[in-house]
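**Q** The structure under discussion is supplied below as structure tokens; questions concerning it will follow.
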Amino acid sequence: MAGPGLELLFASVRPVLSRPQDALVCFIHWEFVSHGLRCVGMGDKAGADEKGSELLPEGWCDNKELYTLRYGKNDTSEVLLKALPVENTLIVNVLELQTEKVCDLTLSMEEFIDHDSLQQYDRVYKNLSELRSRFVSEIISPLLWSKEEKKEVTSEPKQDPLRVPNRDPRSHPTPWYNLPSHRTDPRRNFPYGAADLDPLGGHSGGMVFDPLRSGQPRPRFDPLRGLPPGAVPPGARFDPFGPVGPGHPGPDPNHLPPPGYDDMFL
């Protein structure tokens, strides 16, 4: 089914319709008008005092060998339409004048026009849904809709470039996982995965729990522990003896068992 307006347009041009391509060009004109354009004149070049109209201009189908019409939104040519009948087809060529983008469409007159019913609106068009679908997808969509999308993109406000945030907690509030000097949230929970949430590298570690960085204070190891007073002169270089003993802080360096330790066959 056609939308509103095509029947009225057809009635206004019916007296001059004499060939199937006339009816097809009438339909194409209606499609442009339905999508917000107006016909501003005929021929390749603009004339004096042209004004956009929903109607086809007088003499639009005098030349049966080539139809040339111009369309725009503000009485200015924006789109140039040329329709060329070749045997039993109509080759449609549409040029967007500003960008010089071209779209083409070839329509079979037998498929879409009833030659014997040129004066009857309810019978002249065949497969109208298919005709509209092809025209929209091959002409309107790539030509007019892409143009509107470009206007929307250029009209959007410019965004500020990516800036690295200031990590000084005194300059702005900072989430608990970004605080450089506190490794717990207000509930004193260790912020597991905080480094993975910070792509700018403000933390060390990751999702694996590190008992040496649990956020809890650890006693400092005393290398002279267990030695009698004066055993090591002041300022002397001294390496601690043997293992540091059971009272040393932190986990056993060998706190992870070797692979397969519980396999009796190894």
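As shown in the structure tokens, the chain order sets the letters A, B, ...; within each chain, residues go from 1, and ligands are also counted from 1 in the order they appear.
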Fewer than 4 positions away in the same chain doesn't count, so skip those; otherwise give me all residues within 8 Å of stretch 82-99 of chain A, counting only C-alpha atoms, as a list in words.

**A**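 Here the answer would be Gln21, Val25, Lys64, Glu65, Leu66, Tyr67, Thr68, Leu69, Ser77, Glu78, Cys103, Asp104, Leu105, Thr106, Leu107, Ser108, Met109, Glu110, Ile139 and Leu143 of chain A.
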
**Q** If we count only C-alpha atoms, what is near stretch 56-59 of chain A at a cut-off of 9 Å, once residues fewer than 5 positions away on the same chain are taken out, given as a PyMOL selection string?

**A** chain A and resi 9+12-13+26+29+39-42+69

**Q** Residues at most 7 Å from A:Ile113, counting only C-alpha atoms, excluding those fewer than 4 positions away in the same chain, as a list in words?

**A** Pro20, Met109, Val124, Tyr125 and Lys126 of chain A

**Q** Output all heavy atoms for every residue in that selection, as an mmCIF file, in the first residue's frame.

**A**
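Output (result.cif):
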```cif
data_model
loop_
_atom_site.group_PDB
_atom_site.id
_atom_site.type_symbol
_atom_site.label_atom_id
_atom_site.label_comp_id
_atom_site.auth_asym_id
_atom_site.auth_seq_id
_atom_site.Cartn_x
_atom_site.Cartn_y
_atom_site.Cartn_z
ATOM 1 N N PRO A 20 4.598 3.977 -19.656
ATOM 2 C CA PRO A 20 4.843 3.414 -18.321
ATOM 3 C C PRO A 20 5.909 4.171 -17.533
ATOM 4 O O PRO A 20 5.798 4.307 -16.317
ATOM 5 C CB PRO A 20 5.292 1.978 -18.622
ATOM 6 C CG PRO A 20 4.716 1.666 -19.951
ATOM 7 C CD PRO A 20 4.710 2.951 -20.712
ATOM 8 N N MET A 109 9.728 -2.043 -15.971
ATOM 9 C CA MET A 109 8.411 -1.415 -16.106
ATOM 10 C C MET A 109 7.298 -2.451 -16.142
ATOM 11 O O MET A 109 6.190 -2.205 -15.668
ATOM 12 C CB MET A 109 8.404 -0.521 -17.354
ATOM 13 C CG MET A 109 9.187 0.767 -17.154
ATOM 14 S SD MET A 109 9.123 1.893 -18.546
ATOM 15 C CE MET A 109 10.494 1.316 -19.525
ATOM 16 N N VAL A 124 -2.705 0.963 -11.838
ATOM 17 C CA VAL A 124 -1.506 1.245 -12.624
ATOM 18 C C VAL A 124 -0.239 0.708 -11.981
ATOM 19 O O VAL A 124 0.671 0.233 -12.679
ATOM 20 C CB VAL A 124 -1.383 2.771 -12.873
ATOM 21 C CG1 VAL A 124 -1.204 3.529 -11.569
ATOM 22 C CG2 VAL A 124 -0.238 3.074 -13.844
ATOM 23 N N TYR A 125 -0.160 0.720 -10.642
ATOM 24 C CA TYR A 125 1.054 0.248 -9.955
ATOM 25 C C TYR A 125 0.892 -1.200 -9.521
ATOM 26 O O TYR A 125 -0.128 -1.583 -8.922
ATOM 27 C CB TYR A 125 1.358 1.124 -8.744
ATOM 28 C CG TYR A 125 1.739 2.544 -9.112
ATOM 29 C CD1 TYR A 125 0.872 3.599 -8.864
ATOM 30 C CD2 TYR A 125 2.956 2.820 -9.731
ATOM 31 C CE1 TYR A 125 1.213 4.900 -9.204
ATOM 32 C CE2 TYR A 125 3.307 4.116 -10.087
ATOM 33 C CZ TYR A 125 2.430 5.150 -9.820
ATOM 34 O OH TYR A 125 2.769 6.429 -10.178
ATOM 35 N N LYS A 126 1.923 -1.996 -9.786
ATOM 36 C CA LYS A 126 1.954 -3.398 -9.371
ATOM 37 C C LYS A 126 3.131 -3.607 -8.408
ATOM 38 O O LYS A 126 4.157 -2.935 -8.515
ATOM 39 C CB LYS A 126 2.116 -4.319 -10.587
ATOM 40 C CG LYS A 126 1.019 -4.193 -11.615
ATOM 41 C CD LYS A 126 1.172 -5.235 -12.718
ATOM 42 C CE LYS A 126 2.449 -5.072 -13.524
ATOM 43 N NZ LYS A 126 2.544 -6.047 -14.635
#
```

**Q** Please measure the separation of atom CA of A:Leu80 and atom CA of A:Asp114, giving the value in Å to one decimal.

**A**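 Separation between atom CA of A:Leu80 and atom CA of A:Asp114: 27.0 Å.
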
**Q** To one decimal place in Å, what is the distance between atom CA of A:Arg38 and atom CA of A:Glu111?

**A** 27.3 Å

**Q** Looking only at strand (DSSP E or B) from DSSP on the backbone, list the matching residues of stretch 28-58 of chain A as a list in words.

**A**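 Put together, the selection reads Arg38, Cys39, Val40, Gly41, Met42 and Ser53 of chain A.
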
**Q** With only C-alpha atoms as the basis for distance, which of A:Leu118, A:Ala236, A:Ser53, A:Ile28 is at the shortest distance from A:Pro15?

**A** A:Leu118

**Q** So how many Å separate atom CA of A:Arg132 and atom CA of A:Asn63, to one decimal?

**A**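 One can read the atom CA of A:Arg132 to atom CA of A:Asn63 distance as 24.8 Å.
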